[in-house]
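S.K.: Sharing query_15.cif (mmCIF, N, CA and C atoms) below.
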```
data_input
loop_
_atom_site.label_atom_id
_atom_site.label_comp_id
_atom_site.auth_asym_id
_atom_site.auth_seq_id
_atom_site.Cartn_x
_atom_site.Cartn_y
_atom_site.Cartn_z
N MET A 1 -72.37 99.84 134.45
CA MET A 1 -73.42 98.85 134.58
C MET A 1 -74.10 99.07 135.94
N SER A 2 -75.42 99.06 135.96
CA SER A 2 -76.16 99.24 137.21
C SER A 2 -76.04 98.00 138.08
N ALA A 3 -76.35 98.15 139.36
CA ALA A 3 -76.28 97.02 140.28
C ALA A 3 -77.26 95.92 139.87
N SER A 4 -78.48 96.30 139.46
CA SER A 4 -79.45 95.28 139.07
C SER A 4 -79.03 94.56 137.79
N ALA A 5 -78.39 95.28 136.87
CA ALA A 5 -77.89 94.65 135.64
C ALA A 5 -76.75 93.70 135.97
N SER A 6 -75.92 94.08 136.93
CA SER A 6 -74.81 93.23 137.33
C SER A 6 -75.32 91.94 137.99
N VAL A 7 -76.35 92.05 138.83
CA VAL A 7 -76.95 90.87 139.46
C VAL A 7 -77.57 89.98 138.39
N ALA A 8 -78.28 90.57 137.45
CA ALA A 8 -78.91 89.78 136.38
C ALA A 8 -77.86 89.04 135.56
N LYS A 9 -76.75 89.71 135.26
CA LYS A 9 -75.68 89.07 134.48
C LYS A 9 -75.07 87.92 135.27
N SER A 10 -74.81 88.13 136.56
CA SER A 10 -74.23 87.09 137.39
C SER A 10 -75.19 85.93 137.60
N ALA A 11 -76.49 86.21 137.73
CA ALA A 11 -77.49 85.16 137.95
C ALA A 11 -77.63 84.25 136.74
N ALA A 12 -77.18 84.71 135.57
CA ALA A 12 -77.21 83.85 134.38
C ALA A 12 -76.23 82.69 134.51
N ASN A 13 -75.24 82.82 135.40
CA ASN A 13 -74.27 81.76 135.66
C ASN A 13 -74.86 80.86 136.76
N PRO A 14 -75.19 79.61 136.47
CA PRO A 14 -75.83 78.75 137.46
C PRO A 14 -74.95 78.44 138.67
N ASN A 15 -73.65 78.70 138.58
CA ASN A 15 -72.74 78.42 139.69
C ASN A 15 -72.65 79.57 140.68
N LEU A 16 -73.32 80.66 140.41
CA LEU A 16 -73.27 81.82 141.30
C LEU A 16 -74.61 82.04 141.97
N TRP A 17 -74.57 82.74 143.11
CA TRP A 17 -75.78 83.12 143.86
C TRP A 17 -75.55 84.57 144.25
N PRO A 18 -75.75 85.51 143.31
CA PRO A 18 -75.30 86.89 143.49
C PRO A 18 -76.18 87.79 144.34
N ALA A 19 -77.33 87.33 144.79
CA ALA A 19 -78.23 88.18 145.57
C ALA A 19 -79.11 87.31 146.46
N PRO A 20 -79.62 87.87 147.57
CA PRO A 20 -80.60 87.12 148.34
C PRO A 20 -81.76 86.72 147.43
N GLY A 21 -82.16 85.49 147.48
CA GLY A 21 -83.20 85.02 146.57
C GLY A 21 -82.64 84.60 145.22
N ARG A 22 -81.34 84.67 145.05
CA ARG A 22 -80.54 84.32 143.88
C ARG A 22 -80.56 85.35 142.77
N ASN A 23 -81.72 85.98 142.50
CA ASN A 23 -81.80 86.98 141.43
C ASN A 23 -82.80 88.05 141.81
N ALA A 24 -82.99 89.02 140.93
CA ALA A 24 -83.91 90.12 141.22
C ALA A 24 -85.35 89.66 141.34
N ASP A 25 -85.69 88.51 140.77
CA ASP A 25 -87.05 87.96 140.86
C ASP A 25 -87.26 87.14 142.13
N LEU A 26 -86.21 86.97 142.94
CA LEU A 26 -86.27 86.20 144.18
C LEU A 26 -86.80 84.78 143.96
N THR A 27 -86.30 84.11 142.93
CA THR A 27 -86.77 82.76 142.63
C THR A 27 -86.38 81.75 143.69
N ARG A 28 -85.27 81.98 144.38
CA ARG A 28 -84.82 81.13 145.49
C ARG A 28 -84.61 79.67 145.12
N PHE A 29 -84.22 79.41 143.89
CA PHE A 29 -83.87 78.04 143.54
C PHE A 29 -82.67 78.07 142.62
N SER A 30 -81.97 76.98 142.57
CA SER A 30 -80.80 76.85 141.73
C SER A 30 -81.18 76.14 140.43
N PRO A 31 -80.67 76.61 139.30
CA PRO A 31 -80.93 75.91 138.05
C PRO A 31 -80.05 74.67 137.86
N LEU A 32 -79.17 74.41 138.81
CA LEU A 32 -78.31 73.23 138.69
C LEU A 32 -79.15 71.96 138.75
N LYS A 33 -78.74 70.95 138.05
CA LYS A 33 -79.52 69.71 137.93
C LYS A 33 -78.97 68.55 138.75
N ASP A 34 -77.87 68.74 139.48
CA ASP A 34 -77.25 67.65 140.23
C ASP A 34 -78.14 67.10 141.33
N ILE A 35 -78.98 67.95 141.94
CA ILE A 35 -79.88 67.52 142.99
C ILE A 35 -81.29 67.55 142.44
N ASN A 36 -82.00 66.44 142.61
CA ASN A 36 -83.36 66.36 142.08
C ASN A 36 -84.21 65.54 143.04
N THR A 37 -85.48 65.35 142.70
CA THR A 37 -86.38 64.62 143.60
C THR A 37 -85.94 63.17 143.81
N GLY A 38 -85.19 62.62 142.90
CA GLY A 38 -84.74 61.23 143.03
C GLY A 38 -83.57 61.05 143.98
N ASN A 39 -82.77 62.09 144.20
CA ASN A 39 -81.59 61.91 145.06
C ASN A 39 -81.55 62.89 146.24
N ALA A 40 -82.52 63.76 146.40
CA ALA A 40 -82.51 64.74 147.48
C ALA A 40 -82.49 64.07 148.86
N GLY A 41 -83.11 62.93 148.99
CA GLY A 41 -83.11 62.22 150.27
C GLY A 41 -81.75 61.70 150.68
N ASN A 42 -80.78 61.67 149.78
CA ASN A 42 -79.44 61.18 150.08
C ASN A 42 -78.49 62.29 150.52
N LEU A 43 -78.96 63.54 150.55
CA LEU A 43 -78.08 64.66 150.93
C LEU A 43 -77.63 64.52 152.37
N GLN A 44 -76.39 64.93 152.65
CA GLN A 44 -75.84 64.91 153.99
C GLN A 44 -75.18 66.24 154.28
N PHE A 45 -75.05 66.54 155.55
CA PHE A 45 -74.39 67.77 156.00
C PHE A 45 -72.94 67.75 155.53
N ALA A 46 -72.48 68.82 154.89
CA ALA A 46 -71.13 68.83 154.32
C ALA A 46 -70.19 69.80 155.01
N TRP A 47 -70.67 70.95 155.46
CA TRP A 47 -69.77 71.92 156.09
C TRP A 47 -70.57 72.90 156.92
N SER A 48 -69.90 73.59 157.82
CA SER A 48 -70.53 74.64 158.60
C SER A 48 -69.53 75.77 158.77
N GLN A 49 -70.04 76.92 159.13
CA GLN A 49 -69.19 78.09 159.33
C GLN A 49 -69.65 78.78 160.60
N SER A 50 -68.81 78.84 161.61
CA SER A 50 -69.14 79.54 162.84
C SER A 50 -68.73 80.99 162.69
N LEU A 51 -69.65 81.89 162.99
CA LEU A 51 -69.35 83.31 162.93
C LEU A 51 -69.17 83.89 164.33
N SER A 52 -68.95 83.02 165.31
CA SER A 52 -68.66 83.42 166.69
C SER A 52 -69.72 84.37 167.24
N SER A 53 -70.97 84.05 167.01
CA SER A 53 -72.05 84.89 167.49
C SER A 53 -73.01 84.05 168.30
N MET A 54 -73.51 84.59 169.39
CA MET A 54 -74.50 83.90 170.19
C MET A 54 -75.89 84.07 169.59
N ARG A 55 -76.03 85.01 168.68
CA ARG A 55 -77.31 85.24 168.02
C ARG A 55 -77.40 84.36 166.78
N GLY A 56 -78.58 84.21 166.27
CA GLY A 56 -78.75 83.47 165.02
C GLY A 56 -78.12 84.23 163.87
N GLN A 57 -77.78 83.53 162.83
CA GLN A 57 -77.21 84.17 161.65
C GLN A 57 -78.35 84.74 160.81
N GLU A 58 -78.26 86.00 160.52
CA GLU A 58 -79.32 86.68 159.78
C GLU A 58 -78.79 87.05 158.40
N GLY A 59 -79.35 86.45 157.40
CA GLY A 59 -78.92 86.75 156.05
C GLY A 59 -78.64 85.48 155.27
N GLN A 60 -78.28 85.66 154.03
CA GLN A 60 -78.01 84.54 153.15
C GLN A 60 -76.60 84.70 152.58
N PRO A 61 -75.88 83.59 152.41
CA PRO A 61 -74.58 83.70 151.76
C PRO A 61 -74.77 84.10 150.30
N LEU A 62 -73.82 84.83 149.77
CA LEU A 62 -73.80 85.21 148.37
C LEU A 62 -72.57 84.58 147.74
N VAL A 63 -72.68 84.15 146.50
CA VAL A 63 -71.54 83.61 145.75
C VAL A 63 -71.42 84.46 144.50
N VAL A 64 -70.29 85.18 144.40
CA VAL A 64 -70.03 86.05 143.26
C VAL A 64 -68.63 85.77 142.73
N GLU A 65 -68.33 86.29 141.57
CA GLU A 65 -66.98 86.13 141.02
C GLU A 65 -66.10 87.28 141.49
N VAL A 66 -64.94 86.93 141.98
CA VAL A 66 -63.92 87.91 142.38
C VAL A 66 -62.64 87.52 141.69
N GLY A 67 -62.18 88.35 140.79
CA GLY A 67 -60.96 88.02 140.05
C GLY A 67 -61.13 86.78 139.19
N GLY A 68 -62.34 86.52 138.72
CA GLY A 68 -62.60 85.36 137.87
C GLY A 68 -62.85 84.06 138.61
N LYS A 69 -62.85 84.10 139.96
CA LYS A 69 -63.08 82.90 140.76
C LYS A 69 -64.31 83.10 141.63
N PRO A 70 -65.12 82.03 141.83
CA PRO A 70 -66.27 82.17 142.71
C PRO A 70 -65.83 82.34 144.16
N MET A 71 -66.48 83.26 144.87
CA MET A 71 -66.16 83.49 146.28
C MET A 71 -67.47 83.64 147.05
N MET A 72 -67.54 82.98 148.22
CA MET A 72 -68.74 83.07 149.06
C MET A 72 -68.53 84.14 150.12
N PHE A 73 -69.53 84.99 150.26
CA PHE A 73 -69.54 86.00 151.31
C PHE A 73 -70.69 85.67 152.25
N LEU A 74 -70.40 85.68 153.55
CA LEU A 74 -71.42 85.40 154.57
C LEU A 74 -71.81 86.69 155.24
#
```
In structure tokens, what does this structure look like?
M.R.:
Amino acid sequence: MSASASVAKSAANPNLWPAPGRNADLTRFSPLKDINTGNAGNLQFAWSQSLSSMRGQEGQPLVVEVGGKPMMFL
């Protein structure tokens, strides 16, 4: 399976974020419905990750399946 086919297959799962921009089309949005215009104002900061760098973090986290479980890579 090619890398682009693998990203497309993973992007079909709404719980994953397999590429920068989420998919090959760079849509940059989640198909999940839990957050919408009616409740977005209630969002709060939930977690942070320090990478021990004095520079800004460059890049986007990816969420892929590893051994059948979702895993985030920073």
S.K.: Might you pull out every residue within 8 Å of segment 21-31 of chain A, with all atoms listed in the file counted and same-chain residues fewer than 5 positions away left off, and present them as a ChimeraX atom specification?
M.R.: /A:4,7-8,10-16,60
S.K.: Hey, can you check how far atom CA of Gln57 of chain A sits from atom CA of Phe45 of chain A?
M.R.: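 It comes out at 17.6 Å.
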S.K.: Which distance in Å separates atom CA of Asn36 of chain A and atom CA of Ser6 of chain A, to one decimal?
M.R.: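 Going from atom CA of Asn36 of chain A over to atom CA of Ser6 of chain A covers 28.6 Å.
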S.K.: When DSSP is applied to the backbone of this structure, which of segment 6-66 of chain A are assigned alpha helix (DSSP H)? Write them out as a ChimeraX atom specification.
M.R.: /A:6-11
S.K.: Between atom N of Thr37 of chain A and atom CA of Pro18 of chain A, measure the distance and give it in Å to one decimal.
M.R.: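 Computing it gives 23.8 Å between the two atoms.
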S.K.: Skip Val63 of chain A itself and residues of its chain fewer than 6 positions away, then list as a list in words all residues within 6 Å of it, counting all atoms listed in the file.
M.R.: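 In the requested form, the answer reads Leu16, Trp17, Pro18, Ala19, Pro70, Met71, Met72 and Phe73 of chain A.
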S.K.: Run DSSP on the backbone of this structure and report the residues of chain A it assigns to strand (DSSP E), as a list in words.
M.R.: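 The strand (DSSP E) residues within chain A come out as Leu62, Val63, Val64, Glu65, Val66, Lys69, Pro70, Met71, Met72 and Phe73 of chain A.
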S.K.: Would you kindly place N, CA, C and O atoms on segment 45-57 of chain A and return the model as a PDB file, in the coordinates of the input?
M.R.:
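What landed in part-v2.pdb:
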```pdb
ATOM      1  N   PHE A  45     -75.050  66.540 155.550  1.00  0.00           N
ATOM      2  CA  PHE A  45     -74.390  67.770 156.000  1.00  0.00           C
ATOM      3  C   PHE A  45     -72.940  67.750 155.530  1.00  0.00           C
ATOM      4  O   PHE A  45     -72.234  66.759 155.717  1.00  0.00           O
ATOM      5  N   ALA A  46     -72.480  68.820 154.890  1.00  0.00           N
ATOM      6  CA  ALA A  46     -71.130  68.830 154.320  1.00  0.00           C
ATOM      7  C   ALA A  46     -70.190  69.800 155.010  1.00  0.00           C
ATOM      8  O   ALA A  46     -68.998  69.527 155.134  1.00  0.00           O
ATOM      9  N   TRP A  47     -70.670  70.950 155.460  1.00  0.00           N
ATOM     10  CA  TRP A  47     -69.770  71.920 156.090  1.00  0.00           C
ATOM     11  C   TRP A  47     -70.570  72.900 156.920  1.00  0.00           C
ATOM     12  O   TRP A  47     -71.775  73.019 156.761  1.00  0.00           O
ATOM     13  N   SER A  48     -69.900  73.590 157.820  1.00  0.00           N
ATOM     14  CA  SER A  48     -70.530  74.640 158.600  1.00  0.00           C
ATOM     15  C   SER A  48     -69.530  75.770 158.770  1.00  0.00           C
ATOM     16  O   SER A  48     -68.322  75.592 158.595  1.00  0.00           O
ATOM     17  N   GLN A  49     -70.040  76.920 159.130  1.00  0.00           N
ATOM     18  CA  GLN A  49     -69.190  78.090 159.330  1.00  0.00           C
ATOM     19  C   GLN A  49     -69.650  78.780 160.600  1.00  0.00           C
ATOM     20  O   GLN A  49     -70.797  79.214 160.693  1.00  0.00           O
ATOM     21  N   SER A  50     -68.810  78.840 161.610  1.00  0.00           N
ATOM     22  CA  SER A  50     -69.140  79.540 162.840  1.00  0.00           C
ATOM     23  C   SER A  50     -68.730  80.990 162.690  1.00  0.00           C
ATOM     24  O   SER A  50     -67.599  81.304 162.307  1.00  0.00           O
ATOM     25  N   LEU A  51     -69.650  81.890 162.990  1.00  0.00           N
ATOM     26  CA  LEU A  51     -69.350  83.310 162.930  1.00  0.00           C
ATOM     27  C   LEU A  51     -69.170  83.890 164.330  1.00  0.00           C
ATOM     28  O   LEU A  51     -69.222  85.095 164.533  1.00  0.00           O
ATOM     29  N   SER A  52     -68.950  83.020 165.310  1.00  0.00           N
ATOM     30  CA  SER A  52     -68.660  83.420 166.690  1.00  0.00           C
ATOM     31  C   SER A  52     -69.720  84.370 167.240  1.00  0.00           C
ATOM     32  O   SER A  52     -69.392  85.367 167.869  1.00  0.00           O
ATOM     33  N   SER A  53     -70.970  84.050 167.010  1.00  0.00           N
ATOM     34  CA  SER A  53     -72.050  84.890 167.490  1.00  0.00           C
ATOM     35  C   SER A  53     -73.010  84.050 168.300  1.00  0.00           C
ATOM     36  O   SER A  53     -73.312  82.914 167.931  1.00  0.00           O
ATOM     37  N   MET A  54     -73.510  84.590 169.390  1.00  0.00           N
ATOM     38  CA  MET A  54     -74.500  83.900 170.190  1.00  0.00           C
ATOM     39  C   MET A  54     -75.890  84.070 169.590  1.00  0.00           C
ATOM     40  O   MET A  54     -76.817  83.376 169.955  1.00  0.00           O
ATOM     41  N   ARG A  55     -76.030  85.010 168.680  1.00  0.00           N
ATOM     42  CA  ARG A  55     -77.310  85.240 168.020  1.00  0.00           C
ATOM     43  C   ARG A  55     -77.400  84.360 166.780  1.00  0.00           C
ATOM     44  O   ARG A  55     -76.409  83.865 166.274  1.00  0.00           O
ATOM     45  N   GLY A  56     -78.580  84.210 166.270  1.00  0.00           N
ATOM     46  CA  GLY A  56     -78.750  83.470 165.020  1.00  0.00           C
ATOM     47  C   GLY A  56     -78.120  84.230 163.870  1.00  0.00           C
ATOM     48  O   GLY A  56     -77.910  85.443 163.938  1.00  0.00           O
ATOM     49  N   GLN A  57     -77.780  83.530 162.830  1.00  0.00           N
ATOM     50  CA  GLN A  57     -77.210  84.170 161.650  1.00  0.00           C
ATOM     51  C   GLN A  57     -78.350  84.740 160.810  1.00  0.00           C
ATOM     52  O   GLN A  57     -79.285  84.039 160.464  1.00  0.00           O
TER      53      GLN A  57
END
```
